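Here is coords-v4.tsv, consisting of TSV, C-alpha atoms:
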chain	number	residue	atom	x	y	z
A	524	MET	CA	78.38	111.98	98.93
A	525	GLY	CA	79.48	112.03	95.28
A	526	TYR	CA	83.12	112.43	96.30
A	527	CYS	CA	82.86	109.45	98.65
A	528	SER	CA	81.25	107.25	96.00
A	529	GLY	CA	83.87	108.32	93.43
A	530	ARG	CA	86.68	107.48	95.84
A	531	CYS	CA	85.14	104.09	96.68
A	532	THR	CA	84.70	103.38	92.96
A	533	LEU	CA	88.36	104.17	92.31
A	534	ILE	CA	89.38	101.81	95.11
A	535	PHE	CA	87.23	99.09	93.51
A	536	ILE	CA	88.78	99.74	90.07
A	537	CYS	CA	92.30	99.51	91.50
A	538	GLY	CA	91.38	96.22	93.14
A	539	MET	CA	90.03	94.86	89.86
A	540	GLN	CA	93.18	95.98	88.05
A	541	LEU	CA	95.36	94.14	90.56
A	542	VAL	CA	93.35	90.92	90.23
A	543	CYS	CA	93.36	91.02	86.42
A	544	VAL	CA	97.03	91.92	86.03
A	545	LEU	CA	98.12	89.24	88.52
A	546	GLU	CA	96.17	86.65	86.51
A	547	ARG	CA	97.81	87.94	83.34
A	548	GLN	CA	101.25	87.92	84.97
A	549	ILE	CA	100.94	84.22	85.83
A	550	PHE	CA	100.28	83.21	82.22
A	551	ASP	CA	103.00	85.55	80.91
A	552	PHE	CA	105.47	83.82	83.26
A	553	LEU	CA	104.35	80.44	81.96
A	554	GLY	CA	104.92	81.63	78.40
A	555	TYR	CA	108.27	83.36	79.13
A	556	GLN	CA	106.96	86.66	77.76
A	557	TRP	CA	109.59	88.88	79.36
A	558	ALA	CA	108.47	92.28	78.05
A	559	PRO	CA	104.88	91.83	79.30
A	560	ILE	CA	106.23	90.48	82.60
A	561	LEU	CA	108.21	93.69	83.19
A	562	ALA	CA	105.28	95.89	82.11
A	563	ASN	CA	102.89	93.99	84.40
A	564	PHE	CA	105.31	94.30	87.32
A	565	VAL	CA	105.55	98.09	86.94
A	566	HIS	CA	101.76	98.28	86.58
A	567	ILE	CA	101.25	96.35	89.82
A	568	ILE	CA	103.51	98.77	91.73
A	569	ILE	CA	101.83	101.89	90.29
A	570	VAL	CA	98.33	100.56	90.99
A	571	ILE	CA	99.31	99.83	94.61
A	572	LEU	CA	100.61	103.40	94.93
A	573	GLY	CA	97.39	104.74	93.39
A	574	LEU	CA	95.36	102.65	95.81
A	575	PHE	CA	97.42	103.97	98.72
A	576	GLY	CA	96.97	107.56	97.52
A	577	THR	CA	93.22	107.09	97.23
A	578	ILE	CA	92.87	105.66	100.73
A	579	GLN	CA	95.22	108.22	102.32
A	580	TYR	CA	93.99	111.30	100.37
A	581	ARG	CA	97.33	111.80	98.54
A	582	PRO	CA	96.59	113.57	95.23
A	583	ARG	CA	100.19	113.32	94.02
A	584	TYR	CA	100.08	109.52	94.14
A	585	ILE	CA	96.74	109.50	92.33
A	586	THR	CA	98.08	111.90	89.69
A	587	GLY	CA	101.09	109.66	89.09
A	588	TYR	CA	98.75	106.70	88.80
A	589	ALA	CA	96.64	108.55	86.21
A	590	VAL	CA	99.73	109.46	84.16
A	591	TRP	CA	100.89	105.84	84.18
A	592	LEU	CA	97.46	104.68	82.94
A	593	VAL	CA	98.03	106.66	79.74
A	594	LEU	CA	101.25	104.73	79.14
A	595	TRP	CA	99.54	101.48	80.13
A	596	VAL	CA	96.79	102.01	77.55
A	597	THR	CA	99.44	102.74	74.92
A	598	TRP	CA	101.27	99.50	75.76
A	599	ASN	CA	98.10	97.41	75.56
A	600	VAL	CA	97.12	98.98	72.25
A	601	PHE	CA	100.55	97.97	70.95
A	602	VAL	CA	100.06	94.40	72.22
A	603	ILE	CA	96.69	94.22	70.42
A	604	CYS	CA	98.27	95.49	67.19
A	605	PHE	CA	101.15	93.01	67.64
A	606	TYR	CA	98.92	89.94	67.96
A	607	LEU	CA	96.57	91.09	65.17
A	608	GLU	CA	99.65	91.80	63.02
A	609	ALA	CA	98.65	95.37	62.22
A	610	GLY	CA	100.97	97.14	59.82
A	611	ASP	CA	104.45	95.58	59.69
A	612	LEU	CA	104.09	93.84	63.06
A	613	SER	CA	104.23	90.05	63.23
A	614	LYS	CA	103.33	87.85	66.18
A	615	GLU	CA	106.10	85.46	65.09
A	616	THR	CA	108.79	87.98	65.99
A	617	ASP	CA	110.81	86.81	69.03
A	618	LEU	CA	112.58	90.08	69.76
A	619	ILE	CA	109.58	92.13	70.86
A	620	LEU	CA	108.01	90.11	73.69
A	621	THR	CA	110.80	87.71	74.65
A	622	PHE	CA	113.78	90.04	74.02
A	623	ASN	CA	115.03	87.42	71.52
A	624	ILE	CA	116.29	85.14	74.31
A	625	SER	CA	113.79	82.34	73.67
A	626	MET	CA	111.47	80.97	70.98
A	627	HIS	CA	108.48	80.68	73.31
A	628	ARG	CA	105.09	82.02	72.36
A	629	SER	CA	102.04	82.82	74.44
A	630	TRP	CA	101.10	80.09	76.93
A	631	TRP	CA	97.65	80.05	75.37
A	632	MET	CA	99.12	78.86	72.06
A	633	GLU	CA	99.41	75.28	73.34
A	634	ASN	CA	96.92	75.42	76.20
A	635	GLY	CA	93.99	77.28	74.70
A	636	PRO	CA	90.46	75.86	74.88
A	637	GLY	CA	90.19	72.73	72.72
A	638	CYS	CA	93.79	72.86	71.46
A	639	THR	CA	95.48	69.60	70.51
A	640	VAL	CA	99.28	69.56	70.56
A	641	THR	CA	101.13	67.08	68.34
A	642	SER	CA	104.89	66.61	68.38
A	643	VAL	CA	106.54	66.55	64.98
A	644	THR	CA	109.37	64.05	64.48
A	645	PRO	CA	111.91	64.29	63.17
A	646	ALA	CA	112.34	67.99	63.97
A	647	PRO	CA	113.57	70.33	61.22
A	648	ASP	CA	117.30	71.01	61.04
A	649	TRP	CA	116.81	74.66	62.03
A	650	ALA	CA	114.97	73.78	65.28
A	651	PRO	CA	117.14	74.15	68.43
A	652	GLU	CA	118.03	70.91	70.19
A	653	ASP	CA	116.51	72.04	73.51
A	654	HIS	CA	113.15	72.89	71.90
A	655	ARG	CA	110.44	70.57	70.66
A	656	TYR	CA	108.75	71.09	67.30
A	657	ILE	CA	104.96	70.84	67.49
A	658	THR	CA	101.76	71.55	65.64
A	659	VAL	CA	98.62	72.90	67.32
A	660	SER	CA	95.15	72.25	65.97
A	661	GLY	CA	91.50	72.13	66.98
A	662	CYS	CA	91.50	75.32	69.09
A	663	PHE	CA	88.08	76.81	69.75
A	664	LEU	CA	89.73	80.21	70.12
A	665	GLU	CA	93.14	81.12	68.74
A	666	TYR	CA	95.71	82.28	71.27
A	667	GLN	CA	96.12	85.72	69.75
A	668	TYR	CA	92.46	86.51	70.38
A	669	ILE	CA	92.80	85.49	74.02
A	670	GLU	CA	95.75	87.87	74.37
A	671	VAL	CA	93.75	90.60	72.63
A	672	ALA	CA	90.89	90.03	75.09
A	673	HIS	CA	93.31	90.39	78.03
A	674	SER	CA	94.67	93.66	76.67
A	675	SER	CA	91.19	94.98	75.88
A	676	LEU	CA	90.07	94.34	79.46
A	677	GLN	CA	93.13	96.21	80.74
A	678	ILE	CA	92.31	99.16	78.48
A	679	VAL	CA	88.72	99.34	79.74
A	680	LEU	CA	89.84	99.25	83.38
A	681	ALA	CA	92.57	101.82	82.70
A	682	LEU	CA	90.15	104.26	81.07
A	683	ALA	CA	87.71	103.93	83.97
A	684	GLY	CA	90.57	104.35	86.45
A	685	PHE	CA	91.84	107.45	84.66
A	686	ILE	CA	88.42	109.13	84.71
A	687	TYR	CA	87.82	108.45	88.39
A	688	ALA	CA	91.40	109.35	89.32
A	689	CYS	CA	90.97	112.79	87.74
A	690	TYR	CA	87.64	113.20	89.53
A	691	VAL	CA	89.06	112.23	92.94
A	692	VAL	CA	92.08	114.53	92.52
A	693	LYS	CA	89.73	117.38	91.62
A	694	CYS	CA	87.57	116.73	94.72
A	695	ILE	CA	90.58	116.51	97.06
A	696	THR	CA	92.07	119.71	95.64
A	697	GLU	CA	88.78	121.60	96.00
A	698	GLU	CA	88.39	120.36	99.57
A	699	GLU	CA	91.91	121.48	100.47
A	700	ASP	CA	91.34	124.91	98.91
A	701	SER	CA	88.07	125.27	100.82
A	702	CYS	CA	89.76	124.39	104.09
A	703	ARG	CA	92.54	126.89	103.46
A	704	ASN	CA	90.00	129.63	102.75
A	705	ASN	CA	88.21	128.86	106.03
A	706	THR	CA	91.44	129.34	107.97
A	707	ASP	CA	92.60	132.57	106.29
A	708	GLY	CA	91.63	134.61	109.34
A	709	PHE	CA	93.55	132.24	111.56
A	710	SER	CA	96.76	132.34	109.54
A	711	THR	CA	96.98	135.86	108.01
A	712	SER	CA	98.72	137.35	111.04
A	713	ALA	CA	101.11	134.43	111.46
A	714	PRO	CA	104.79	134.61	110.42
A	715	GLY	CA	105.78	133.34	106.96
A	716	PRO	CA	107.17	129.93	108.01
A	717	PHE	CA	104.09	129.31	110.17
A	718	LYS	CA	101.79	130.07	107.20
A	719	GLU	CA	103.49	127.32	105.21
A	720	LEU	CA	102.96	124.93	108.10
A	721	VAL	CA	99.29	125.87	108.29
A	722	SER	CA	98.84	125.26	104.56
A	723	GLN	CA	100.12	121.70	104.99
A	724	TRP	CA	97.77	120.73	107.81
A	725	PRO	CA	95.31	117.93	106.93
A	726	PRO	CA	91.58	118.66	106.50
A	727	ALA	CA	90.77	116.99	109.84
A	728	PHE	CA	92.76	119.69	111.67
A	729	TYR	CA	90.74	122.48	110.09
A	730	GLU	CA	87.47	120.90	111.19
A	731	GLU	CA	88.80	120.54	114.74
A	732	GLN	CA	90.05	124.12	114.72
A	733	GLU	CA	86.65	125.45	113.60
A	734	ALA	CA	84.96	123.50	116.41
A	735	ILE	CA	87.37	124.98	118.99
A	736	GLU	CA	86.85	128.53	117.70
A	737	PHE	CA	83.04	128.10	117.87
A	738	LYS	CA	83.27	126.73	121.39
A	739	TYR	CA	85.32	129.63	122.74
A	740	THR	CA	83.22	132.21	120.87
A	741	TYR	CA	80.09	130.78	122.48
A	742	ILE	CA	81.65	130.81	125.97
A	743	PHE	CA	82.89	134.36	125.55
A	744	THR	CA	79.52	135.62	124.31
A	745	LYS	CA	77.63	133.89	127.14
A	746	GLN	CA	79.90	135.31	129.86
A	747	THR	CA	79.78	138.87	128.54

Go through the file and emit its structure as structure tokens.
Amino acid sequence: MGYCSGRCTLIFICGMQLVCVLERQIFDFLGYQWAPILANFVHIIIVILGLFGTIQYRPRYITGYAVWLVLWVTWNVFVICFYLEAGDLSKETDLILTFNISMHRSWWMENGPGCTVTSVTPAPDWAPEDHRYITVSGCFLEYQYIEVAHSSLQIVLALAGFIYACYVVKCITEEEDSCRNNTDGFSTSAPGPFKELVSQWPPAFYEEQEAIEFKYTYIFTKQT
């Protein structure tokens, strides 16, 4: 029962991660934040693989998903430090999030709650001709705090996903070991290649095999 609830919880966490990262991906596209776009894209693929592994009882997929979550937490911690300008980091640096190919900032900078955008004319001499020069004022919540909230939510979901992924992998591994132990008598006299084949059979086969052995044992005992 605990294993089933843990597996269902992991499926729910993966679903929540997909919803949240897709929402984040939309706003990163609107803000031309190329580094987060690539990171979000990889995260979406890994979460889908983790979801598939959870549904199909594939511990290797779940393990890969758990390893990626460690990297994902590291990335989001960096994003938080970037927007809060921890250490020598500065949120005005174009190279980090846009690969220095645009001067765009977070979409929330101009479209945050209560923000008023005012165009400045004439534009400074250093401003590119294809960009407008603006000032933003009146925001109820600064854009960097919105980005920090997004990253913090991703960290919370990643930590929960990592814990449940480890738990589900542990349960699947224990179940496989238990099934192999139950079929030792069936496979000890088999040739070497056949033993490897037996070790790769799914848990459902072992349950069916035990039912067949019980059935024939009962018939044999009754007839004798």

Atomic distance CA of Ile560 (chain A) - CA of Cys662 (chain A), expressed in Å with one decimal: 25.1 Å

Per-residue nearest contacts of region 534-553 of chain A to region 682-704 of chain A (9 Å; all atoms listed in the file) as a tab-separated table:
residue	atom	partner	partner_atom	distance
A:Ile536	CA	A:Gly684	CA	6.1
A:Cys537	CA	A:Gly684	CA	7.2
A:Gln540	CA	A:Gly684	CA	8.9

Resulting file, chosen residues, C-alpha atoms, as a compact mmCIF listing (two decimals), in the frame of the given file:
# COMPACT_ATOMS: atom_id res chain seq x y z
CA ILE A 536 88.78 99.74 90.07
CA CYS A 537 92.30 99.51 91.50
CA GLN A 540 93.18 95.98 88.05

- line: re CA of Thr577 (chain A) and CA of Leu533 (chain A): distance 7.5 Å

task: Using only C-alpha atoms, find the one residue out of A:Val593, A:Gln548, A:Trp557, A:Val565 that sits nearest to Leu680 (chain A).
output: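 Among the listed residues, A:Val593 lies closest to Leu680 (chain A).
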
- request: Mind giving me the straight-line distance from CA of Phe605 (chain A) to CA of Glu670 (chain A) in Å, one decimal?
  value: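 We find that CA of Phe605 (chain A) and CA of Glu670 (chain A) lie 10.0 Å from each other.
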
task: Considering only C-alpha atoms, return as an MDAnalysis selection string whatever protein or nucleic-acid residues lie within 10 Å of region 543-545 of chain A, sequence-local ones (same chain, fewer than 6 positions apart) excluded.
output: chainID A and resid 537 551 560 562:564 566:567 673:674 676:677 680

- prompt: Which is closest to Trp591 (chain A) among A:Ile578, A:Leu572, A:Glu615, A:Phe550, if we use all atoms listed in the file?
  reply: A:Leu572

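Nearest-residue note for Ile619 (chain A): choosing from A:Ile585, A:Ala558, A:Met632, A:Thr641, the minimum distance belongs to A:Ala558, counting only C-alpha atoms.
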
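Distances here use all atoms listed in the file; by that measure, the residue among A:Ser642, A:Gln579, A:Gln667, A:Gln556 closest to Thr621 (chain A) is A:Gln556.
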